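Here's query-v7.cif, which has mmCIF, C-alpha atoms:
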```cif
data_entry
loop_
_atom_site.label_atom_id
_atom_site.label_comp_id
_atom_site.auth_asym_id
_atom_site.auth_seq_id
_atom_site.Cartn_x
_atom_site.Cartn_y
_atom_site.Cartn_z
CA MET A 1 -14.37 90.88 -133.65
CA ASP A 2 -12.51 93.03 -131.13
CA PHE A 3 -14.56 93.44 -127.96
CA THR A 4 -11.85 95.28 -125.99
CA GLU A 5 -12.97 97.96 -123.56
CA LYS A 6 -10.57 100.82 -122.87
CA THR A 7 -9.94 102.10 -119.35
CA ILE A 8 -10.36 105.87 -119.14
CA GLN A 9 -10.06 106.43 -115.39
CA LYS A 10 -9.78 104.38 -112.18
CA ASP A 11 -11.43 105.53 -108.97
CA TYR A 12 -10.52 103.55 -105.84
CA LYS A 13 -13.38 103.17 -103.36
CA PHE A 14 -12.15 100.73 -100.70
CA ARG A 15 -8.81 99.21 -99.72
CA GLY A 16 -9.08 96.26 -97.38
CA ARG A 17 -6.89 93.37 -96.31
CA ILE A 18 -8.38 90.97 -98.86
CA MET A 19 -9.99 93.11 -101.53
CA THR A 20 -9.50 96.48 -103.14
CA VAL A 21 -12.55 97.96 -104.85
CA ARG A 22 -12.55 100.45 -107.70
CA VAL A 23 -15.05 101.92 -110.15
CA ASP A 24 -13.64 102.63 -113.60
CA GLN A 25 -14.81 104.89 -116.37
CA ALA A 26 -14.27 102.88 -119.54
CA GLU A 27 -15.15 102.86 -123.23
CA LEU A 28 -17.09 100.15 -125.06
CA PRO A 29 -15.92 98.82 -128.46
CA ASN A 30 -18.44 101.17 -130.10
CA GLY A 31 -16.89 104.18 -128.36
CA LYS A 32 -19.72 104.68 -125.86
CA PRO A 33 -18.81 105.28 -122.22
CA CYS A 34 -19.46 102.63 -119.57
CA VAL A 35 -18.83 102.10 -115.86
CA ARG A 36 -17.04 98.98 -114.59
CA GLU A 37 -16.89 97.88 -110.96
CA VAL A 38 -13.78 95.84 -110.19
CA CYS A 39 -12.96 93.86 -107.07
CA GLU A 40 -9.17 93.38 -106.98
CA HIS A 41 -7.94 90.23 -105.26
CA PRO A 42 -4.35 89.05 -104.66
CA GLY A 43 -5.05 85.61 -106.18
CA GLY A 44 -4.89 82.21 -104.59
CA VAL A 45 -3.95 78.58 -104.76
CA GLY A 46 -5.95 75.39 -104.16
CA VAL A 47 -4.36 71.96 -103.71
CA LEU A 48 -6.00 68.55 -104.02
CA PRO A 49 -3.75 66.02 -102.22
CA ILE A 50 -4.22 62.39 -103.35
CA ASP A 51 -2.16 59.67 -101.69
CA GLU A 52 -1.00 56.34 -103.15
CA ASN A 53 -4.21 54.65 -101.94
CA GLY A 54 -6.43 57.19 -103.65
CA MET A 55 -7.34 58.97 -100.41
CA VAL A 56 -7.78 62.74 -100.51
CA THR A 57 -7.37 65.19 -97.63
CA LEU A 58 -9.85 68.05 -97.35
CA VAL A 59 -10.38 70.75 -94.74
CA ARG A 60 -13.55 71.75 -92.97
CA GLN A 61 -13.77 75.39 -91.98
CA PHE A 62 -16.27 78.15 -91.26
CA ARG A 63 -16.90 80.47 -94.21
CA TYR A 64 -18.11 83.73 -92.75
CA PRO A 65 -19.89 85.17 -95.85
CA TYR A 66 -22.26 82.15 -95.88
CA GLY A 67 -22.36 81.51 -92.14
CA GLU A 68 -21.62 77.84 -92.78
CA THR A 69 -18.88 75.32 -92.07
CA ILE A 70 -17.94 73.65 -95.35
CA LEU A 71 -15.58 71.09 -96.90
CA GLU A 72 -12.93 72.30 -99.36
CA ILE A 73 -9.53 71.44 -100.72
CA PRO A 74 -6.69 73.13 -98.80
CA ALA A 75 -6.15 76.62 -100.17
CA GLY A 76 -4.90 80.09 -99.45
CA LYS A 77 -4.38 83.57 -100.78
CA MET A 78 -1.11 84.68 -102.36
CA ASP A 79 -0.52 87.29 -99.70
CA HIS A 80 2.98 86.40 -98.55
CA GLY A 81 4.83 88.44 -101.15
CA PRO A 82 6.12 87.49 -104.57
CA GLU A 83 6.16 83.73 -104.16
CA ASN A 84 5.00 81.64 -107.09
CA ALA A 85 1.79 79.67 -107.04
CA GLU A 86 3.45 76.29 -106.46
CA ALA A 87 5.42 77.50 -103.43
CA CYS A 88 2.27 79.11 -102.05
CA GLY A 89 0.36 75.86 -102.58
CA ARG A 90 3.02 73.82 -100.77
CA ARG A 91 2.96 76.22 -97.82
CA GLU A 92 -0.83 76.23 -97.52
CA LEU A 93 -1.00 72.44 -97.87
CA GLU A 94 1.50 71.98 -95.08
CA GLU A 95 -0.04 74.63 -92.80
CA GLU A 96 -3.56 73.25 -93.10
CA THR A 97 -2.93 69.50 -93.32
CA GLY A 98 0.70 68.81 -92.33
CA LEU A 99 1.26 67.15 -95.71
CA SER A 100 4.34 67.73 -97.83
CA ALA A 101 4.31 66.69 -101.48
CA GLU A 102 6.98 65.30 -103.81
CA GLN A 103 5.01 66.42 -106.86
CA MET A 104 2.72 69.38 -107.41
CA ILE A 105 0.96 68.68 -110.71
CA PRO A 106 -0.56 71.86 -112.20
CA LEU A 107 -4.30 71.60 -112.89
CA GLY A 108 -4.50 75.07 -114.43
CA GLU A 109 -6.06 78.29 -113.31
CA ILE A 110 -9.67 79.28 -112.63
CA TRP A 111 -11.30 82.70 -112.69
CA PRO A 112 -13.98 82.57 -109.97
CA SER A 113 -16.27 85.45 -110.94
CA PRO A 114 -14.86 87.12 -114.07
CA GLY A 115 -17.63 89.70 -114.50
CA PHE A 116 -16.32 91.93 -111.74
CA MET A 117 -13.39 90.27 -109.91
CA ASP A 118 -9.78 89.73 -111.01
CA GLU A 119 -8.89 86.74 -108.79
CA ARG A 120 -6.68 84.10 -110.41
CA LEU A 121 -6.81 80.82 -108.53
CA PHE A 122 -4.15 78.23 -109.38
CA LEU A 123 -5.00 74.56 -108.86
CA PHE A 124 -2.60 71.70 -108.17
CA CYS A 125 -2.81 67.99 -107.49
CA ALA A 126 -0.32 67.03 -104.77
CA LYS A 127 1.20 63.53 -105.00
CA GLY A 128 3.96 61.66 -103.17
CA LEU A 129 2.65 62.79 -99.80
CA THR A 130 4.38 62.65 -96.41
CA GLN A 131 2.43 63.38 -93.23
CA GLY A 132 4.12 65.76 -90.80
CA GLU A 133 2.95 67.89 -87.90
CA THR A 134 0.26 70.50 -88.43
CA HIS A 135 1.00 74.03 -87.31
CA PRO A 136 -2.06 76.13 -88.11
CA ASP A 137 -2.06 79.88 -87.65
CA GLU A 138 -3.22 80.95 -84.21
CA ASP A 139 -6.96 81.58 -84.31
CA GLU A 140 -7.33 79.36 -87.37
CA PHE A 141 -10.02 76.75 -86.91
CA VAL A 142 -9.55 74.02 -89.47
CA GLU A 143 -10.36 70.31 -89.28
CA ARG A 144 -8.80 67.74 -91.61
CA VAL A 145 -11.08 65.21 -93.31
CA ARG A 146 -9.79 62.21 -95.29
CA MET A 147 -11.87 60.18 -97.75
CA PRO A 148 -11.49 58.17 -100.98
CA PHE A 149 -11.43 60.23 -104.20
CA ALA A 150 -14.61 58.40 -105.26
CA GLU A 151 -16.41 59.72 -102.17
CA LEU A 152 -15.26 63.26 -102.95
CA CYS A 153 -16.70 62.81 -106.45
CA GLU A 154 -20.02 61.80 -104.92
CA LEU A 155 -20.08 64.86 -102.64
CA VAL A 156 -19.48 67.08 -105.67
CA ARG A 157 -22.04 65.27 -107.85
CA THR A 158 -24.78 65.48 -105.23
CA GLY A 159 -24.07 69.14 -104.49
CA ALA A 160 -22.95 68.56 -100.90
CA ILE A 161 -19.69 70.31 -101.84
CA LYS A 162 -20.31 73.73 -103.38
CA ASP A 163 -16.87 75.35 -103.17
CA ALA A 164 -16.00 76.25 -106.78
CA LYS A 165 -12.28 75.47 -106.59
CA THR A 166 -13.01 72.00 -105.14
CA VAL A 167 -15.58 71.27 -107.87
CA ALA A 168 -13.12 72.53 -110.51
CA ALA A 169 -10.21 70.47 -109.15
CA VAL A 170 -12.31 67.30 -109.19
CA GLY A 171 -13.46 68.06 -112.74
CA LYS A 172 -9.87 68.63 -113.89
CA VAL A 173 -8.63 65.37 -112.38
CA LEU A 174 -11.49 63.46 -114.04
CA LEU A 175 -10.74 65.07 -117.42
CA LEU A 176 -7.03 64.25 -117.13
CA ARG A 177 -7.77 60.65 -116.15
CA LEU A 178 -10.33 60.24 -118.96
CA ALA A 179 -7.92 61.68 -121.53
CA GLY A 180 -5.39 59.09 -120.43
CA ASP A 181 -2.35 60.62 -122.08
CA ALA A 182 1.16 60.89 -120.63
CA GLY A 183 0.45 63.77 -118.28
CA CYS A 184 -2.83 62.27 -117.13
CA ALA A 185 -1.63 59.05 -115.62
CA GLU A 186 -0.04 61.08 -112.87
CA VAL A 187 -3.15 62.47 -111.17
CA MET B 1 -16.51 70.89 -83.33
CA ASP B 2 -18.44 74.12 -83.72
CA PHE B 3 -16.44 76.65 -85.73
CA THR B 4 -19.19 79.28 -85.92
CA GLU B 5 -18.15 82.93 -85.84
CA LYS B 6 -20.61 85.44 -84.40
CA THR B 7 -21.29 88.77 -86.08
CA ILE B 8 -20.93 91.68 -83.65
CA GLN B 9 -21.28 94.65 -86.00
CA LYS B 10 -21.55 95.35 -89.75
CA ASP B 11 -19.94 98.42 -91.29
CA TYR B 12 -20.85 99.11 -94.91
CA LYS B 13 -17.99 100.59 -96.97
CA PHE B 14 -19.20 100.61 -100.59
CA ARG B 15 -22.50 100.11 -102.37
CA GLY B 16 -22.21 99.57 -106.10
CA ARG B 17 -24.35 98.19 -108.89
CA ILE B 18 -22.81 94.71 -108.65
CA MET B 19 -21.22 94.46 -105.24
CA THR B 20 -21.76 95.80 -101.74
CA VAL B 21 -18.74 95.77 -99.45
CA ARG B 22 -18.75 95.62 -95.68
CA VAL B 23 -16.27 95.05 -92.88
CA ASP B 24 -17.66 93.18 -89.89
CA GLN B 25 -16.50 92.95 -86.32
CA ALA B 26 -16.96 89.30 -85.38
CA GLU B 27 -16.06 86.77 -82.72
CA LEU B 28 -14.06 83.58 -83.22
CA PRO B 29 -15.17 80.26 -81.67
CA ASN B 30 -12.67 80.90 -78.84
CA GLY B 31 -14.29 84.26 -78.07
CA LYS B 32 -11.49 86.37 -79.53
CA PRO B 33 -12.45 89.30 -81.78
CA CYS B 34 -11.77 89.19 -85.51
CA VAL B 35 -12.43 91.34 -88.56
CA ARG B 36 -14.19 89.92 -91.64
CA GLU B 37 -14.35 91.60 -95.05
CA VAL B 38 -17.43 90.58 -97.02
CA CYS B 39 -18.24 91.26 -100.65
CA GLU B 40 -22.02 90.91 -101.07
CA HIS B 41 -23.17 89.76 -104.53
CA PRO B 42 -26.75 89.25 -105.79
CA GLY B 43 -25.97 85.72 -107.05
CA GLY B 44 -26.11 84.35 -110.53
CA VAL B 45 -26.96 81.55 -112.91
CA GLY B 46 -24.91 79.68 -115.52
CA VAL B 47 -26.45 77.46 -118.21
CA LEU B 48 -24.73 74.81 -120.32
CA PRO B 49 -26.96 74.15 -123.37
CA ILE B 50 -26.41 70.75 -125.03
CA ASP B 51 -28.43 69.87 -128.14
CA GLU B 52 -29.52 66.44 -129.36
CA ASN B 53 -26.29 66.08 -131.37
CA GLY B 54 -24.09 66.79 -128.36
CA MET B 55 -23.25 70.33 -129.50
CA VAL B 56 -22.88 73.01 -126.83
CA THR B 57 -23.36 76.76 -127.24
CA LEU B 58 -20.93 79.09 -125.48
CA VAL B 59 -20.48 82.85 -125.52
CA ARG B 60 -17.34 84.86 -126.11
CA GLN B 61 -17.16 88.19 -124.33
CA PHE B 62 -14.72 90.73 -122.93
CA ARG B 63 -14.12 90.42 -119.19
CA TYR B 64 -12.98 93.81 -117.99
CA PRO B 65 -11.21 92.76 -114.74
CA TYR B 66 -8.78 90.59 -116.77
CA GLY B 67 -8.68 92.69 -119.94
CA GLU B 68 -9.36 89.56 -122.01
CA THR B 69 -12.06 88.17 -124.26
CA ILE B 70 -12.97 84.68 -123.01
CA LEU B 71 -15.27 81.72 -123.67
CA GLU B 72 -17.92 80.86 -121.08
CA ILE B 73 -21.28 79.23 -120.69
CA PRO B 74 -24.18 81.74 -120.96
CA ALA B 75 -24.77 83.33 -117.57
CA GLY B 76 -26.07 86.32 -115.73
CA LYS B 77 -26.65 87.92 -112.39
CA MET B 78 -29.91 87.59 -110.49
CA ASP B 79 -30.54 91.31 -110.62
CA HIS B 80 -34.04 91.39 -112.07
CA GLY B 81 -35.90 91.03 -108.80
CA PRO B 82 -37.15 87.96 -106.96
CA GLU B 83 -37.17 85.52 -109.86
CA ASN B 84 -35.95 82.02 -109.18
CA ALA B 85 -32.70 80.68 -110.54
CA GLU B 86 -34.30 78.59 -113.28
CA ALA B 87 -36.31 81.51 -114.67
CA CYS B 88 -33.21 83.70 -114.56
CA GLY B 89 -31.23 81.00 -116.38
CA ARG B 90 -33.87 80.70 -119.12
CA ARG B 91 -33.89 84.47 -119.63
CA GLU B 92 -30.09 84.75 -119.82
CA LEU B 93 -29.85 81.76 -122.16
CA GLU B 94 -32.36 83.30 -124.52
CA GLU B 95 -30.87 86.80 -124.35
CA GLU B 96 -27.33 85.67 -125.05
CA THR B 97 -27.89 82.78 -127.48
CA GLY B 98 -31.52 82.90 -128.69
CA LEU B 99 -32.02 79.36 -127.38
CA SER B 100 -35.09 78.27 -125.46
CA ALA B 101 -35.03 75.00 -123.51
CA GLU B 102 -37.65 72.35 -122.81
CA GLN B 103 -35.70 71.10 -119.79
CA MET B 104 -33.45 72.92 -117.34
CA ILE B 105 -31.66 70.18 -115.41
CA PRO B 106 -30.19 71.50 -112.14
CA LEU B 107 -26.43 70.91 -111.77
CA GLY B 108 -26.28 72.38 -108.29
CA GLU B 109 -24.79 75.52 -106.88
CA ILE B 110 -21.21 76.78 -106.65
CA TRP B 111 -19.64 79.26 -104.26
CA PRO B 112 -16.98 81.09 -106.30
CA SER B 113 -14.73 82.54 -103.59
CA PRO B 114 -16.14 81.60 -100.19
CA GLY B 115 -13.41 83.23 -98.09
CA PHE B 116 -14.79 86.72 -98.58
CA MET B 117 -17.70 86.72 -101.07
CA ASP B 118 -21.29 85.49 -100.66
CA GLU B 119 -22.15 84.84 -104.33
CA ARG B 120 -24.29 81.75 -105.00
CA LEU B 121 -24.13 80.66 -108.61
CA PHE B 122 -26.73 78.14 -109.79
CA LEU B 123 -25.83 75.84 -112.68
CA PHE B 124 -28.17 74.19 -115.16
CA CYS B 125 -27.88 71.96 -118.19
CA ALA B 126 -30.39 73.06 -120.85
CA LYS B 127 -31.84 70.35 -123.11
CA GLY B 128 -34.56 70.19 -125.74
CA LEU B 129 -33.32 73.37 -127.39
CA THR B 130 -35.06 75.54 -129.97
CA GLN B 131 -33.16 78.29 -131.76
CA GLY B 132 -34.91 81.65 -131.90
CA GLU B 133 -33.80 85.23 -132.52
CA THR B 134 -31.15 86.83 -130.33
CA HIS B 135 -31.94 90.13 -128.73
CA PRO B 136 -28.90 91.17 -126.69
CA ASP B 137 -28.99 94.23 -124.44
CA GLU B 138 -27.87 97.38 -126.22
CA ASP B 139 -24.12 97.84 -125.70
CA GLU B 140 -23.71 94.13 -124.99
CA PHE B 141 -20.97 92.60 -127.11
CA VAL B 142 -21.38 88.85 -127.12
CA GLU B 143 -20.51 86.29 -129.80
CA ARG B 144 -22.02 82.78 -129.89
CA VAL B 145 -19.68 79.81 -130.35
CA ARG B 146 -20.89 76.25 -130.99
CA MET B 147 -18.78 73.12 -130.56
CA PRO B 148 -19.09 69.44 -129.60
CA PHE B 149 -19.15 68.74 -125.85
CA ALA B 150 -15.93 66.73 -126.30
CA GLU B 151 -14.17 69.84 -127.64
CA LEU B 152 -15.40 71.87 -124.66
CA CYS B 153 -13.92 69.17 -122.39
CA GLU B 154 -10.59 69.55 -124.19
CA LEU B 155 -10.61 73.33 -123.74
CA VAL B 156 -11.22 72.85 -120.02
CA ARG B 157 -8.61 70.12 -119.66
CA THR B 158 -5.88 72.11 -121.39
CA GLY B 159 -6.67 75.27 -119.42
CA ALA B 160 -7.82 77.29 -122.44
CA ILE B 161 -11.09 77.84 -120.58
CA LYS B 162 -10.52 79.29 -117.11
CA ASP B 163 -13.99 80.54 -116.18
CA ALA B 164 -14.86 78.71 -112.95
CA LYS B 165 -18.57 78.19 -113.65
CA THR B 166 -17.78 76.67 -117.07
CA VAL B 167 -15.18 74.33 -115.57
CA ALA B 168 -17.64 73.39 -112.82
CA ALA B 169 -20.53 72.77 -115.23
CA VAL B 170 -18.37 70.47 -117.36
CA GLY B 171 -17.20 68.61 -114.25
CA LYS B 172 -20.78 68.17 -113.05
CA VAL B 173 -21.99 66.80 -116.40
CA LEU B 174 -19.08 64.34 -116.47
CA LEU B 175 -19.83 63.18 -112.92
CA LEU B 176 -23.52 62.71 -113.73
CA ARG B 177 -22.72 60.79 -116.90
CA LEU B 178 -20.14 58.61 -115.13
CA ALA B 179 -22.55 57.86 -112.27
CA GLY B 180 -25.04 56.69 -114.87
CA ASP B 181 -28.07 56.62 -112.59
CA ALA B 182 -31.60 57.67 -113.48
CA GLY B 183 -31.00 61.41 -113.31
CA CYS B 184 -27.71 61.19 -115.14
CA ALA B 185 -28.83 59.84 -118.45
CA GLU B 186 -30.47 63.19 -119.07
CA VAL B 187 -27.42 65.43 -119.33
#
```
With the file now loaded, output its structure as C-alpha cells.
Amino acid sequence: MDFTEKTIQKDYKFRGRIMTVRVDQAELPNGKPCVREVCEHPGGVGVLPIDENGMVTLVRQFRYPYGETILEIPAGKMDHGPENAEACGRRELEEETGLSAEQMIPLGEIWPSPGFMDERLFLFCAKGLTQGETHPDEDEFVERVRMPFAELCELVRTGAIKDAKTVAAVGKVLLLRLAGDAGCAEV
Amino acid sequence: MDFTEKTIQKDYKFRGRIMTVRVDQAELPNGKPCVREVCEHPGGVGVLPIDENGMVTLVRQFRYPYGETILEIPAGKMDHGPENAEACGRRELEEETGLSAEQMIPLGEIWPSPGFMDERLFLFCAKGLTQGETHPDEDEFVERVRMPFAELCELVRTGAIKDAKTVAAVGKVLLLRLAGDAGCAEV
C-alpha cells in the first residue's frame, strides 16, 4: 500500500536558532486534505566513547526544557555548516570531553519524534581514545562523568538515564555485541 | 556543581495542535543572560507487544516530516486529557493493532530531544495479548506487521528501523532479559 501524503503548501510560523516551525496543507492517500505541523531541526550527532578498559565517558548538563541536570553521551547539533556527521561527532566529543578518537564506528541514525519533527541524529561509538585538554564553549556548563559500560547499562535499565540517544546508543552496542559478527567485535 | 538555569520570562511564539513554541529569557549559573527555545509537547506512549510465541506487532505508517513510510511500535500522544500513560498506551495499542493486553510492563521513560523539547515518552511491553477488531481513526493509514522479536532486533541493529522509541524499547527489553532478575523474566 502507498501511504504517501502530498505537500500542497508550506506556511512558516517561527524561525529560531534551533528550530523552524511550519504548518503544511497536505493531501492524504485518499485525496482528502490534512494539516501537518512540522518542527524542522538541523540534525545532530551523539557519540559513545568506550576506552580499552571498557570505561565510557558521559556528560552531565542542565536541560532547560525539563529543568533538570541529566547524564547523556556527548552530543551536538549539526549547526557548523556542511560538515558530515562523523566530523561533527569528533568535534563535539573533543569539545565536551577532551577525547580524540582513532575510530568512529557508526551505530546508525535515530529519528527522535517522527510524528512532527524531522531531526536526524547520527550515533557513533568512539574507540582508540586519547585524552587531551577540554575547551568548552564559554557559558557552557558541562561536567564529565566516567564509569564502566556495565554501570551505564544499569542506569539505562533502571530508568535513571532517560535521554533517548543514550538509551539508543547502549541498545545498539548491545545488539552489535550479541550479534558477534565481524563488525560487532569492534564496539 | 549546580548547573540550574533560572527562567526570567517566557514568550510564546506558536500554538499548534501538537506543539507549542516559546522563547525564554533565562539566566545561566554564572548569572549571565541566555535565550532558550522550547518546544512544548503533550508527551506520548509507545508499546511493544510481545505474544507468548515471541512475536511482536509493529505498525507501518507514513511520517510526514521525513516523507517516508516507516516501521514503529504502536504509539500515540497523550492528547485525550488527563489519562495516565498506561491507559493511553492500552488505548493506542488497541486502536492501531486491535490487541488488548493483560499486562503492561513499564519500560521507563525516554526524552527524545532534551536540548530544546520537553516531550516525555513512556514505554511499555504488552504481554498476555488478545486479538480483537481494529478500529483506526478515520483518515488514519496504518498497516500491522508481525515478526519474531529476533527479527525486530536485526532491523534495529542494521539501522533499517530508525524510530527512536522503537530502538529504545528493544534496548530496554534486551537489558531486562540480560539482567535476568525477578522483573526481567516477564518481558
Please report, as a tab-separated table, each residue of chain B lying at most 7 Å from chain A, together with the nearest pair of atoms and the separation in Å rounded to one decimal; use only C-alpha atoms, and order rows by chain and ascending residue number.
```
residue	atom	partner	partner_atom	distance
B:Phe3	CA	A:Phe62	CA	5.7
B:Thr4	CA	A:Phe62	CA	6.2
B:Glu5	CA	A:Tyr64	CA	7.0
B:Lys13	CA	A:Phe14	CA	6.9
B:Phe14	CA	A:Lys13	CA	6.9
B:Val38	CA	A:Pro65	CA	6.1
B:Gln61	CA	A:Phe3	CA	6.9
B:Phe62	CA	A:Phe3	CA	5.7
B:Arg63	CA	A:Gly115	CA	5.9
B:Tyr64	CA	A:Glu5	CA	6.9
B:Pro65	CA	A:Asp118	CA	5.0
B:Tyr66	CA	A:Asp118	CA	5.9
B:Thr69	CA	A:Phe3	CA	6.9
B:Gly108	CA	A:Gly159	CA	5.5
B:Glu109	CA	A:Lys162	CA	6.0
B:Ile110	CA	A:Lys162	CA	4.6
B:Trp111	CA	A:Asp163	CA	4.9
B:Pro112	CA	A:Ala164	CA	5.0
B:Ser113	CA	A:Pro112	CA	6.4
B:Pro114	CA	A:Arg63	CA	6.1
B:Gly115	CA	A:Arg63	CA	5.9
B:Phe116	CA	A:Pro65	CA	6.0
B:Met117	CA	A:Pro65	CA	5.9
B:Asp118	CA	A:Pro65	CA	5.0
B:Phe141	CA	A:Phe3	CA	6.5
B:Arg157	CA	A:Leu175	CA	5.9
B:Gly159	CA	A:Gly108	CA	5.4
B:Lys162	CA	A:Ile110	CA	4.6
B:Asp163	CA	A:Trp111	CA	4.9
B:Ala164	CA	A:Pro112	CA	5.0
B:Val167	CA	A:Ala168	CA	5.8
B:Ala168	CA	A:Ala168	CA	5.1
B:Gly171	CA	A:Gly171	CA	4.1
B:Lys172	CA	A:Arg157	CA	6.1
B:Leu175	CA	A:Arg157	CA	5.9
B:Leu176	CA	A:Arg157	CA	6.6
```
Could you tell me how far atom CA of B:Glu95 sits from atom CA of B:Gly81, in Å to one decimal place?
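Atom CA of B:Glu95 lies at a distance of 16.9 Å from atom CA of B:Gly81.
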To one decimal place in Å, what is the distance between atom CA of B:Val59 and atom CA of B:Val145?
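About the pair atom CA of B:Val59 and atom CA of B:Val145: they are 5.8 Å apart.
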Can you turn the PyMOL selection byres ((chain A and resi 54) around 12) into a concrete residue list for this file, as a list in words?
Leu48, Pro49, Ile50, Asp51, Glu52, Asn53, Met55, Val56, Thr57, Ala126, Lys127, Gly128, Leu129, Arg146, Met147, Pro148, Phe149, Ala150, Glu151, Leu152, Glu186 and Val187 of chain A
Could those residues be written to a file, using C-alpha atoms, as a tab-separated table (two decimals), in the coordinates of the input?
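Okay, part-v9.tsv is ready:
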```tsv
chain	number	residue	atom	x	y	z
A	48	LEU	CA	-6.00	68.55	-104.02
A	49	PRO	CA	-3.75	66.02	-102.22
A	50	ILE	CA	-4.22	62.39	-103.35
A	51	ASP	CA	-2.16	59.67	-101.69
A	52	GLU	CA	-1.00	56.34	-103.15
A	53	ASN	CA	-4.21	54.65	-101.94
A	55	MET	CA	-7.34	58.97	-100.41
A	56	VAL	CA	-7.78	62.74	-100.51
A	57	THR	CA	-7.37	65.19	-97.63
A	126	ALA	CA	-0.32	67.03	-104.77
A	127	LYS	CA	1.20	63.53	-105.00
A	128	GLY	CA	3.96	61.66	-103.17
A	129	LEU	CA	2.65	62.79	-99.80
A	146	ARG	CA	-9.79	62.21	-95.29
A	147	MET	CA	-11.87	60.18	-97.75
A	148	PRO	CA	-11.49	58.17	-100.98
A	149	PHE	CA	-11.43	60.23	-104.20
A	150	ALA	CA	-14.61	58.40	-105.26
A	151	GLU	CA	-16.41	59.72	-102.17
A	152	LEU	CA	-15.26	63.26	-102.95
A	186	GLU	CA	-0.04	61.08	-112.87
A	187	VAL	CA	-3.15	62.47	-111.17
```
Grab the atom CA of B:Leu58 to atom CA of A:Leu155 distance for me, in Å with one decimal place.
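Going from atom CA of B:Leu58 over to atom CA of A:Leu155 covers 26.9 Å.
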Written as number ranges by chain, which residues does the PyMOL selection byres ((chain B and resi 124) around 6) give for the file shown?
B: 47, 104-107, 123, 125
Just the residues within 7 Å of A:Gln131, please, counting all atoms listed in the file, with nothing from its chain fewer than 6 positions along; format it as a list in words.
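Surrounding residues, per the criterion: Gly98, Leu99 and Ser100 of chain A.
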Just so the selection is clear, what residues does the PyMOL selection byres ((chain A and resi 86) around 9) cover here, as a list in words?
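Taken over the shown coordinates, the PyMOL selection byres ((chain A and resi 86) around 9) returns Val45, Glu83, Asn84, Ala85, Ala87, Cys88, Gly89, Arg90, Arg91, Met104, Pro106, Phe122, Leu123 and Phe124 of chain A.
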Save stretch 37-41 of chain A from what I just supplied, as an mmCIF file, in the first residue's frame, atoms limited to all heavy atoms.
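Dumped everything to result-v6.cif:
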```
data_model
loop_
_atom_site.group_PDB
_atom_site.id
_atom_site.type_symbol
_atom_site.label_atom_id
_atom_site.label_comp_id
_atom_site.auth_asym_id
_atom_site.auth_seq_id
_atom_site.Cartn_x
_atom_site.Cartn_y
_atom_site.Cartn_z
ATOM 1 N N GLU A 37 1.752 19.720 11.142
ATOM 2 C CA GLU A 37 2.735 20.583 11.809
ATOM 3 C C GLU A 37 4.104 19.925 11.706
ATOM 4 O O GLU A 37 4.238 18.725 11.964
ATOM 5 C CB GLU A 37 2.398 20.722 13.299
ATOM 6 C CG GLU A 37 1.185 21.572 13.551
ATOM 7 C CD GLU A 37 0.778 21.618 15.023
ATOM 8 O OE1 GLU A 37 1.637 21.383 15.896
ATOM 9 O OE2 GLU A 37 -0.404 21.870 15.280
ATOM 10 N N VAL A 38 5.104 20.717 11.348
ATOM 11 C CA VAL A 38 6.462 20.182 11.236
ATOM 12 C C VAL A 38 7.433 21.087 11.994
ATOM 13 O O VAL A 38 7.427 22.304 11.830
ATOM 14 C CB VAL A 38 6.922 20.079 9.761
ATOM 15 C CG1 VAL A 38 8.354 19.545 9.681
ATOM 16 C CG2 VAL A 38 5.979 19.192 8.958
ATOM 17 N N CYS A 39 8.242 20.465 12.833
ATOM 18 C CA CYS A 39 9.327 21.161 13.525
ATOM 19 C C CYS A 39 10.625 20.778 12.806
ATOM 20 O O CYS A 39 11.056 19.623 12.880
ATOM 21 C CB CYS A 39 9.345 20.726 14.989
ATOM 22 S SG CYS A 39 10.632 21.513 15.968
ATOM 23 N N GLU A 40 11.209 21.734 12.087
ATOM 24 C CA GLU A 40 12.463 21.457 11.363
ATOM 25 C C GLU A 40 13.655 21.641 12.304
ATOM 26 O O GLU A 40 13.717 22.618 13.052
ATOM 27 C CB GLU A 40 12.614 22.408 10.168
ATOM 28 C CG GLU A 40 11.514 22.281 9.133
ATOM 29 C CD GLU A 40 11.709 23.248 7.966
ATOM 30 O OE1 GLU A 40 12.711 24.001 7.946
ATOM 31 O OE2 GLU A 40 10.834 23.268 7.069
ATOM 32 N N HIS A 41 14.585 20.712 12.223
ATOM 33 C CA HIS A 41 15.745 20.696 13.108
ATOM 34 C C HIS A 41 16.983 20.414 12.267
ATOM 35 O O HIS A 41 16.916 19.622 11.325
ATOM 36 C CB HIS A 41 15.531 19.581 14.159
ATOM 37 C CG HIS A 41 16.591 19.509 15.221
ATOM 38 N ND1 HIS A 41 17.820 18.921 15.002
ATOM 39 C CD2 HIS A 41 16.600 19.927 16.504
ATOM 40 C CE1 HIS A 41 18.533 18.998 16.116
ATOM 41 N NE2 HIS A 41 17.817 19.598 17.041
#
```
